[in-house]
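J.: Structure provided below as structure tokens; questions to follow.
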Amino acid sequence: MEAEPKNARRFETADVLAWAALALGVAARVAGAWAARAIAEPDPTVVALMARHMAALKDFPVFFYGQAYMGSLEPAASAWMVRLLGSTGFAVNLGPVLFAALALFFLWRWARDAAGPWGGLAAVVAGLFGPLAYFQFQYAARGGYMVALFVDALAVFAAARLAARLRAGEPVGWRRWSGLGLLAGIGAWSNMIVAAALGAAALLLLHGMRGRFWRHAAGIAAGLAGFLAGFSPWLAWNARHGWASLEMSQIGGHAPLREALANSWDRFLILQESRYVDGDARGPLLLAGAVLALAAFGAGAAFARRRAAPLRENYARAGAALFGLLFAAIFATSGFTRTHTARYWIPLVPGLAVLAGVACAAPRRRAVRAAAWLLLAALALRQAGLAVAALAAADRKSAAQLEADREIGAVLARTGATALLAPLQLYPLNFALDERYAVSNGRQTFYEPNLRQAELAPVAAYSSDFNGIGPFLAQAGAAYESAPAGGRGIVWNLRRPPLALREIPAGEIAGLRDAAGADLMGALADGNLDTVWAPGTRTDAAIEWTFAAPRDVHSVQFLFAHAMGAEAFDFPRRIRVEAEIDGQWVPLLTNAPVIPLEWSGPRLYHPSGFARPEFRVEARGARALRATFPGDPRAGRGLAWRLAEAVALEPGGAAAPRVDAPAVAALAAWLEREAPSAVVYAPRWISNRLLAEGAVPEAGWAGLADRVFSAGGLPRDGAGAADRPAVCVVEP
């Protein structure tokens, strides 16, 4: 008679300890949100921008900016925090912390159903700090992973309870069905990585119904209605965008099975990440082994005790095992194995934690349970130590990052620029500097208005590590201002020297041939982009000008019949130029880089349209000139690019006047008066000025990069629009 009160006190103690562990877990995640307060990576920056825009009632995106998947529920939680606390990285990080706290709570409830109060406590301990990558994602704005963890834990927990009621013949109201369906729909919209949890939940319900679906037709209908309601943002968006989300799956891109399994194990080791904290190469292996050992032991105990356990325990345990098996199977047969990251393993952790709870509470022998608890304690202490070290490192990094951001902002304020062209790693400056400057690499469409602003800015500043800008400016002989900031340089006020150059006419070129002696005059000196030279399978490609008389060659320019960034071409990234002077071949450029920048007006751009690299050579008295593009040395790989024009330029003529804002204003007035409905073709800077000032509506533009300008239904690749009047603007 005295055993019952003792058991009650014992269970109460476990629950109190579990609540204390939950509070510690939430506090640790809030501390992580503060430690990571400086948004320093592109993906969290996108979430931060979404949260800021939603909090300001400026935008309500359905999906993560720039893609057709990962719904906006987690950024909406961040927006709520931004609304309450201000637009800071700490507030943004509290969004995922909210869902992480809910996920941890339902992990406890799920494990408590599976193995009682002590099993619930053990599961909370297992998921408190580790694995490390899992812990770090719980306070970093990544877009949807914490919503996935929350949905996984709640869906399997709720489905296991519902299945137990169905199996026992107890009544189940339509609210339970519709609530579970609504959760499934929200989860599927937010992140399709919840598929394994939803599959496990469906299998549990099927088993609970024992094949008698007709008895639960009303409940199933209510569940489907709830699913459609939760999934409606996905459906509504895709109905308007050609079902673009259907292309997001990486299921079909898996590696061969042996490679996929090896990659899966490697990614699971990365999930532990201890080697990034203390340099111990054995750390990930030991931690992964402990995690899997506890989970496997829990699964074995669940199977061994299945006949003695009540329905609720069996279904909760089966849900954890099914979820783990389905998740591992989906991952190993998907394209995610090709990505060197542990992020796709993170949603599996709650299932492993529940099985660890079963391992600590379900075995009949006390010694076995004690051994499981000892292993769990060692694992949790090690994970806690790694978490503390990671938080300290994140705090130091945030302090340094915020100071660097402040320095860059101060320099940008001096430049007068409204845009900063920079590598993708500086994209976080968009949030850090309150979007006062459009920071872009010139092509990334995370948030298209940002790219558009960077494209249309009349003047721009540049990071000194942007696309090899230093060698590019040196090649051009340009003058500029620069200042150090945030560990790099900021470059602005670019001034290209006024050059008096002219093309060496074809009539004064004795020959233009390739390395095999084939005549290229008709293809590369005719001003026709439809005639090209393709080097084909050659290892190196070379062209050679022979002049009728020695010439002072200032530079050479090439026009390729494809974009510089086109993936379909093995583009030549380096060039070697030699000149024949006084009977000797003299090297002028040796492995000079082909830099992805182009000059238009007073500023630089990331290339759009065809690639047009230019190289200053300054060869005096050259009898001949040879340009060589080294190929890919890998055996069997040819050169797939196509060259449309090759031009040699010499000093002469008159220097072209600089096109300035008053000249563009005069051009705008002329266009409005003389050709109000014409399609306009113009150099890039002039096009952008006319468009930004509204002088020509966007529907009247052609020949611009599709990734920036997409309205109007006109070709944006330089092709002509022959069905309407056209105006071509040519700089002097």
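Going by the structure tokens order, chains are called A, B, ..., each with residues numbered from 1, while ligands are numbered from 1 in the order shown.
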Per residue of stretch 411-501 of chain A within 9 Å of stretch 612-616 of chain A, which atom pair is closest and at what distance in Å (one decimal), using only C-alpha atoms, listed by chain and increasing number, as a Markdown table?

T.:
```
| residue | atom | partner | partner_atom | distance |
| --- | --- | --- | --- | --- |
| A:Gln475 | CA | A:Arg616 | CA | 6.1 |
| A:Ala476 | CA | A:Arg616 | CA | 6.9 |
| A:Gly477 | CA | A:Arg616 | CA | 8.9 |
```

J.: Find the residues around A:Arg109 up to 10 Å (only C-alpha atoms counted), leave out those fewer than 5 positions away in its own chain, and share them as a ChimeraX atom specification.

T.: /A:103-104,114,116-117,119-121,123-124,153-154,157-158,316,354

J.: Taking 4 positions as the minimum chain separation for residues in the same chain, which residues sit within 7 Å of stretch 206-222 of chain A when counting only C-alpha atoms? Answer as a list in words.

T.: Ala163, Ala164, Leu166, Arg167, Trp174, Trp177, Ser178, Ala202 and Gly226 of chain A

J.: Set the distance at 12 Å and use only C-alpha atoms: which residues neighbour A:Pro131 once local chain neighbours fewer than 4 positions away are removed? I'd like the list as number ranges by chain.

T.: A: 125-127, 135-138, 268-274, 283-292, 342-343, 345-350, 352-353, 379-387, 390

J.: Mind checking which residues fall within 9 Å of A:Ala665, counting only C-alpha atoms, ignoring those fewer than 6 positions away in the same chain, and posting them as a list in words?

T.: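 Residues meeting the cut-off are Arg689, Leu690 and Ala695 of chain A.
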